[in-house]
>>> print(open('my_file_2.txt').read())   # compact mmCIF, C-alpha atoms
# COMPACT_ATOMS: atom_id res chain seq x y z
CA MET M 1 110.94 -56.99 73.38
CA ILE M 2 108.13 -55.16 75.24
CA ARG M 3 109.62 -53.54 78.35
CA ILE M 4 107.25 -53.33 81.32
CA VAL M 5 107.12 -51.65 84.75
CA ILE M 6 104.52 -52.97 87.20
CA ALA M 7 103.17 -50.93 90.13
CA GLU M 8 101.14 -52.81 92.75
CA ASP M 9 101.15 -52.36 96.52
CA GLN M 10 100.33 -56.01 97.31
CA ARG M 11 103.71 -57.76 97.25
CA LEU M 12 102.38 -61.20 96.41
CA LEU M 13 100.43 -59.94 93.43
CA LEU M 14 103.34 -57.77 92.29
CA GLY M 15 105.68 -60.78 92.28
CA ALA M 16 103.12 -63.03 90.59
CA LEU M 17 102.41 -60.51 87.83
CA GLY M 18 106.12 -60.00 87.24
CA ALA M 19 106.78 -63.75 87.00
CA LEU M 20 103.78 -64.27 84.74
CA LEU M 21 104.77 -61.58 82.23
CA ASP M 22 108.45 -62.59 82.28
CA MET M 23 107.35 -66.01 80.99
CA GLU M 24 106.13 -64.39 77.76
CA ASP M 25 108.79 -64.62 75.00
CA ASP M 26 108.27 -61.03 73.86
CA MET M 27 108.04 -59.32 77.28
CA GLU M 28 110.51 -58.26 79.96
CA VAL M 29 109.61 -56.78 83.36
CA VAL M 30 112.26 -54.10 83.96
CA GLY M 31 110.91 -52.70 87.24
CA GLN M 32 108.47 -53.39 90.07
CA ALA M 33 107.08 -50.59 92.25
CA ARG M 34 105.05 -50.75 95.46
CA ASN M 35 103.63 -47.21 95.27
CA GLY M 36 102.88 -44.53 92.71
CA LEU M 37 105.98 -42.46 93.34
CA GLU M 38 108.27 -45.50 92.87
CA ALA M 39 106.40 -46.26 89.64
CA LEU M 40 107.10 -42.77 88.32
CA GLU M 41 110.79 -43.03 89.23
CA LEU M 42 111.12 -46.46 87.57
CA VAL M 43 109.42 -45.22 84.39
CA GLU M 44 111.85 -42.28 84.21
CA LYS M 45 114.84 -44.56 84.89
CA HIS M 46 113.99 -47.49 82.57
CA GLN M 47 111.86 -45.78 79.87
CA PRO M 48 109.58 -48.85 79.50
CA ASP M 49 106.99 -49.30 76.75
CA ILE M 50 104.22 -50.03 79.23
CA CYS M 51 103.47 -49.35 82.87
CA ILE M 52 100.82 -51.58 84.48
CA MET M 53 99.45 -50.13 87.67
CA ASP M 54 96.91 -50.51 90.39
CA ILE M 55 94.77 -47.49 91.30
CA GLU M 56 94.77 -47.41 95.09
CA MET M 57 98.42 -47.28 96.13
CA PRO M 58 100.31 -45.34 98.82
CA ILE M 59 101.92 -41.90 98.23
CA MET M 60 100.44 -41.47 94.71
CA THR M 61 97.51 -43.34 93.20
CA GLY M 62 97.77 -45.05 89.84
CA LEU M 63 95.53 -42.35 88.35
CA ASP M 64 97.84 -39.59 89.64
CA VAL M 65 100.76 -41.35 87.96
CA ALA M 66 98.78 -41.86 84.73
CA GLU M 67 98.05 -38.12 84.61
CA LYS M 68 101.77 -37.35 85.03
CA LEU M 69 102.71 -39.84 82.28
CA LYS M 70 100.09 -38.52 79.84
CA GLU M 71 102.68 -36.79 77.64
CA SER M 72 105.31 -39.55 77.91
CA SER M 73 105.88 -42.38 75.42
CA CYS M 74 105.11 -44.97 78.13
CA LYS M 75 101.61 -46.43 77.69
CA VAL M 76 99.63 -46.94 80.90
CA ILE M 77 97.40 -49.90 81.72
CA VAL M 78 95.28 -49.67 84.86
CA LEU M 79 94.83 -53.09 86.48
CA THR M 80 92.44 -52.85 89.41
CA THR M 81 89.68 -54.56 91.38
CA PHE M 82 87.58 -51.39 91.12
CA ALA M 83 85.02 -51.30 88.34
CA ARG M 84 83.94 -47.73 89.08
CA SER M 85 82.69 -45.37 86.43
CA GLY M 86 84.39 -42.33 88.00
CA TYR M 87 87.77 -44.07 88.05
CA PHE M 88 87.28 -45.24 84.48
CA GLU M 89 86.33 -41.74 83.33
CA ARG M 90 89.41 -40.25 85.02
CA ALA M 91 91.67 -42.98 83.58
CA ARG M 92 90.36 -42.28 80.07
CA LYS M 93 90.93 -38.53 80.48
CA ALA M 94 94.49 -39.29 81.63
CA GLY M 95 95.04 -41.03 78.29
CA THR M 96 95.48 -44.57 79.64
CA SER M 97 95.69 -47.27 76.97
CA GLY M 98 93.93 -49.92 79.00
CA TYR M 99 91.70 -50.44 82.05
CA LEU M 100 91.48 -54.07 83.07
CA LEU M 101 90.04 -55.83 86.10
CA LYS M 102 92.13 -58.12 88.29
CA ASP M 103 89.67 -60.98 87.97
CA SER M 104 90.29 -61.20 84.19
CA PRO M 105 92.06 -64.39 82.95
CA SER M 106 95.87 -64.01 83.06
CA GLU M 107 96.37 -64.70 79.33
CA GLU M 108 94.07 -61.74 78.65
CA LEU M 109 96.67 -59.40 80.20
CA ALA M 110 99.46 -60.48 77.82
CA ASP M 111 97.06 -60.26 74.83
CA SER M 112 95.96 -56.79 75.96
CA ILE M 113 99.59 -55.62 76.22
CA ARG M 114 100.24 -56.76 72.65
CA ALA M 115 97.04 -55.09 71.39
CA ILE M 116 98.05 -51.84 73.11
CA MET M 117 101.53 -52.01 71.58
CA ASP M 118 99.73 -52.27 68.20
CA GLY M 119 98.09 -48.93 68.96
CA ARG M 120 94.72 -50.14 70.25
CA ARG M 121 93.01 -49.33 73.56
CA VAL M 122 91.69 -52.14 75.74
CA TYR M 123 88.93 -51.61 78.31
CA ALA M 124 87.09 -54.23 80.38
CA PRO M 125 83.64 -54.61 78.72
CA GLU M 126 81.72 -54.12 81.99
CA LEU M 127 83.34 -50.69 82.40
CA ILE M 128 82.19 -49.49 79.02
CA ASP M 129 78.59 -50.45 79.88
CA MET M 130 78.91 -48.71 83.23
CA ALA M 131 80.41 -45.54 81.76
CA PHE M 132 77.37 -45.10 79.55
CA ALA M 133 74.93 -46.07 82.27
CA GLU M 134 75.97 -43.68 85.01
CA GLU M 135 77.56 -40.28 85.08
CA ASN M 136 78.32 -37.97 87.97
CA PRO M 137 75.13 -35.91 88.45
CA LEU M 138 76.82 -33.04 90.30
CA THR M 139 77.64 -29.68 88.74
CA GLU M 140 81.14 -28.24 89.05
CA ARG M 141 80.01 -25.94 91.89
CA GLU M 142 78.34 -28.82 93.75
CA GLU M 143 81.59 -30.80 93.41
CA GLN M 144 83.51 -27.89 94.95
CA VAL M 145 81.08 -27.88 97.89
CA ILE M 146 81.26 -31.65 98.48
CA LYS M 147 85.07 -31.60 98.32
CA LEU M 148 85.16 -28.97 101.07
CA ILE M 149 82.70 -31.07 103.10
CA ALA M 150 85.06 -34.03 102.64
CA ASP M 151 87.89 -31.82 103.92
CA GLY M 152 85.89 -31.32 107.13
CA LYS M 153 84.73 -27.75 106.46
CA ASN M 154 81.43 -26.53 107.94
CA THR M 155 78.78 -24.43 106.17
CA LYS M 156 80.28 -21.11 107.31
CA GLU M 157 83.81 -22.08 106.19
CA ILE M 158 82.55 -23.31 102.81
CA ALA M 159 80.57 -20.08 102.32
CA SER M 160 83.63 -17.98 103.09
CA GLN M 161 85.94 -20.02 100.85
CA LEU M 162 83.56 -20.03 97.84
CA TYR M 163 82.28 -16.46 98.41
CA LEU M 164 78.70 -17.63 98.95
CA THR M 165 76.11 -16.98 101.63
CA ASN M 166 75.42 -19.65 104.28
CA GLY M 167 71.94 -20.11 102.83
CA THR M 168 73.32 -20.76 99.33
CA VAL M 169 75.72 -23.38 100.71
CA ARG M 170 72.83 -25.06 102.56
CA ASN M 171 70.85 -25.12 99.29
CA TYR M 172 73.81 -26.73 97.50
CA VAL M 173 74.16 -29.34 100.25
CA SER M 174 70.46 -30.16 100.06
CA THR M 175 70.63 -30.49 96.23
CA ILE M 176 73.73 -32.71 96.48
CA MET M 177 71.97 -35.02 98.97
CA ASP M 178 68.90 -35.22 96.73
CA LYS M 179 70.96 -36.01 93.63
CA LEU M 180 72.99 -38.69 95.42
CA ASN M 181 69.92 -40.03 97.21
CA VAL M 182 71.50 -39.84 100.69
CA SER M 183 70.33 -38.38 104.00
CA ASN M 184 73.44 -36.65 105.34
CA ARG M 185 76.82 -35.14 104.42
CA ILE M 186 78.88 -38.17 105.48
CA GLU M 187 76.79 -40.47 103.28
CA ALA M 188 77.14 -38.00 100.39
CA VAL M 189 80.95 -38.07 100.64
CA SER M 190 80.91 -41.90 100.93
CA ARG M 191 78.63 -42.27 97.90
CA LEU M 192 80.88 -40.06 95.79
CA LYS M 193 83.98 -42.05 96.83
CA GLU M 194 82.24 -45.37 96.26
CA LYS M 195 81.31 -44.33 92.71
CA GLY M 196 84.85 -43.11 92.07
CA TRP M 197 83.55 -39.61 91.25
CA PHE M 198 86.04 -37.72 93.40
CA LYS M 199 88.48 -36.03 91.01
>>> encode(input="my_file_2.txt", output="structure tokens")
Amino acid sequence: MIRIVIAEDQRLLLGALGALLDMEDDMEVVGQARNGLEALELVEKHQPDICIMDIEMPIMTGLDVAEKLKESSCKVIVLTTFARSGYFERARKAGTSGYLLKDSPSEELADSIRAIMDGRRVYAPELIDMAFAEENPLTEREEQVIKLIADGKNTKEIASQLYLTNGTVRNYVSTIMDKLNVSNRIEAVSRLKEKGWFK
């Protein structure tokens, strides 16, 4: 019997997924969580074979949980509406066994779970294409700058925190905007979030 924990913050979907998987002869849903922290607690309590989780959830995201479960025996499947290359890249680095999209046919989920239990990885085909098509163009230093911008820091504060001059920070900001093809800092932060490139 494949023991499963599901984490999904939309109650209706959580219930539907649970009912759907419980109908499979070889699967049993042992826990349902509505946020990332609950998911982590249920995995520790029930020691399931698989944890299926959404990405954007309260308290902890699905990717935060996946990173924490990286060394555990529980295999993680991300089930999300977001086909974003940055999310996919982070999920892969966290050692997830699957990344599926919510608009996939329901029987595909059960088949994917069985494939993963056989030791395979299952990724939505459109994500694989996207991962090769588009990578985050920012350097590590540029990412540090944009994160501080996202935290509401101004040029002077960023310069002081990263031990740079104000002019150097302005140069970084200008390069970031060029690379992301945006005209201001707010758009730059939005573009990075939209692509799922925020670590």
>>> closest_residue(input="my_file_2.txt", among="M:Ala7, M:Ile149, M:Leu101, M:Val29", to="M:Ala66", atoms="all atoms listed in the file")
M:Ala7
>>> closest_residue(input="my_file_2.txt", among="M:Asp118, M:Asp9, M:Glu126, M:Glu107", to="M:Met23", atoms="only C-alpha atoms")
M:Glu107
>>> residues_around(input="my_file_2.txt", residues="M:Met27", least_positions_apart="5", cutoff="9 Å", atoms="only C-alpha atoms", output="list in words")
Met1, Ile2, Arg3, Ile4, Leu21, Asp22 and Ala110 of chain M
>>> closest_residue(input="my_file_2.txt", among="M:Thr175, M:Asn166, M:Ser72, M:Ser85", to="M:Lys195", atoms="all atoms listed in the file")
M:Ser85
>>> closest_residue(input="my_file_2.txt", among="M:Ile50, M:Leu40, M:Leu14, M:Ala188", to="M:Val65", atoms="all atoms listed in the file")
M:Leu40
>>> residues_near_point(input="my_file_2.txt", point="(110.8, -48.8, 91.7)", cutoff="12 Å", atoms="all atoms listed in the file", output="VMD selection string")
chain M and resid 4 to 9 14 29 to 46 51
>>> axis_aligned_box(input="my_file_2.txt", around="stretch 103-120 of chain M", padding_each_side="5 Å", output="JSON")
{"center_x": 95.6, "center_y": -56.8, "center_z": 78.1, "size_x": 21.9, "size_y": 25.8, "size_z": 29.8}
>>> residues_near_point(input="my_file_2.txt", point="(95.1, -40.5, 79.0)", cutoff="9 Å", atoms="all atoms listed in the file", output="list of chain:residue names")
M:Ala66, M:Glu67, M:Leu69, M:Lys70, M:Glu71, M:Lys75, M:Val76, M:Arg90, M:Ala91, M:Arg92, M:Lys93, M:Ala94, M:Gly95, M:Thr96, M:Ser97
>>> closest_residue(input="my_file_2.txt", among="M:Cys74, M:Tyr163, M:Phe82, M:Asp25", to="M:Glu56", atoms="all atoms listed in the file")
M:Phe82
>>> build_atoms(input="my_file_2.txt", residues="stretch 106-127 of chain M", atoms="N, CA and C atoms", output="short mmCIF file (atom, residue, chain, number, x, y, z; two decimals), in the coordinates of the input")
data_model
loop_
_atom_site.label_atom_id
_atom_site.label_comp_id
_atom_site.auth_asym_id
_atom_site.auth_seq_id
_atom_site.Cartn_x
_atom_site.Cartn_y
_atom_site.Cartn_z
N SER M 106 94.50 -64.53 83.17
CA SER M 106 95.87 -64.01 83.06
C SER M 106 96.33 -63.87 81.61
N GLU M 107 95.91 -64.80 80.73
CA GLU M 107 96.37 -64.70 79.33
C GLU M 107 95.81 -63.44 78.66
N GLU M 108 94.69 -62.95 79.20
CA GLU M 108 94.07 -61.74 78.65
C GLU M 108 95.00 -60.52 78.83
N LEU M 109 95.77 -60.52 79.94
CA LEU M 109 96.67 -59.40 80.20
C LEU M 109 97.76 -59.32 79.13
N ALA M 110 98.40 -60.46 78.84
CA ALA M 110 99.46 -60.48 77.82
C ALA M 110 98.89 -60.09 76.45
N ASP M 111 97.70 -60.60 76.12
CA ASP M 111 97.06 -60.26 74.83
C ASP M 111 96.75 -58.76 74.77
N SER M 112 96.29 -58.22 75.90
CA SER M 112 95.96 -56.79 75.96
C SER M 112 97.21 -55.94 75.75
N ILE M 113 98.33 -56.37 76.37
CA ILE M 113 99.59 -55.62 76.22
C ILE M 113 99.99 -55.58 74.74
N ARG M 114 99.87 -56.73 74.07
CA ARG M 114 100.24 -56.76 72.65
C ARG M 114 99.31 -55.88 71.82
N ALA M 115 98.02 -55.92 72.14
CA ALA M 115 97.04 -55.09 71.39
C ALA M 115 97.36 -53.61 71.58
N ILE M 116 97.73 -53.23 72.81
CA ILE M 116 98.05 -51.84 73.11
C ILE M 116 99.33 -51.42 72.39
N MET M 117 100.29 -52.32 72.32
CA MET M 117 101.53 -52.01 71.58
C MET M 117 101.25 -51.83 70.08
N ASP M 118 100.15 -52.44 69.61
CA ASP M 118 99.73 -52.27 68.20
C ASP M 118 98.91 -51.00 68.01
N GLY M 119 98.78 -50.22 69.09
CA GLY M 119 98.09 -48.93 68.96
C GLY M 119 96.62 -48.96 69.35
N ARG M 120 96.14 -50.08 69.86
CA ARG M 120 94.72 -50.14 70.25
C ARG M 120 94.56 -49.80 71.74
N ARG M 121 93.33 -49.53 72.14
CA ARG M 121 93.01 -49.33 73.56
C ARG M 121 92.18 -50.53 74.01
N VAL M 122 92.40 -50.95 75.24
CA VAL M 122 91.69 -52.14 75.74
C VAL M 122 91.02 -51.80 77.07
N TYR M 123 89.68 -51.89 77.08
CA TYR M 123 88.93 -51.61 78.31
C TYR M 123 88.06 -52.82 78.64
N ALA M 124 87.97 -53.14 79.94
CA ALA M 124 87.09 -54.23 80.38
C ALA M 124 85.67 -53.91 79.93
N PRO M 125 84.98 -54.87 79.28
CA PRO M 125 83.64 -54.61 78.72
C PRO M 125 82.65 -54.06 79.74
N GLU M 126 82.70 -54.57 80.99
CA GLU M 126 81.72 -54.12 81.99
C GLU M 126 81.88 -52.64 82.32
N LEU M 127 83.10 -52.11 82.12
CA LEU M 127 83.34 -50.69 82.40
C LEU M 127 82.71 -49.81 81.34
#
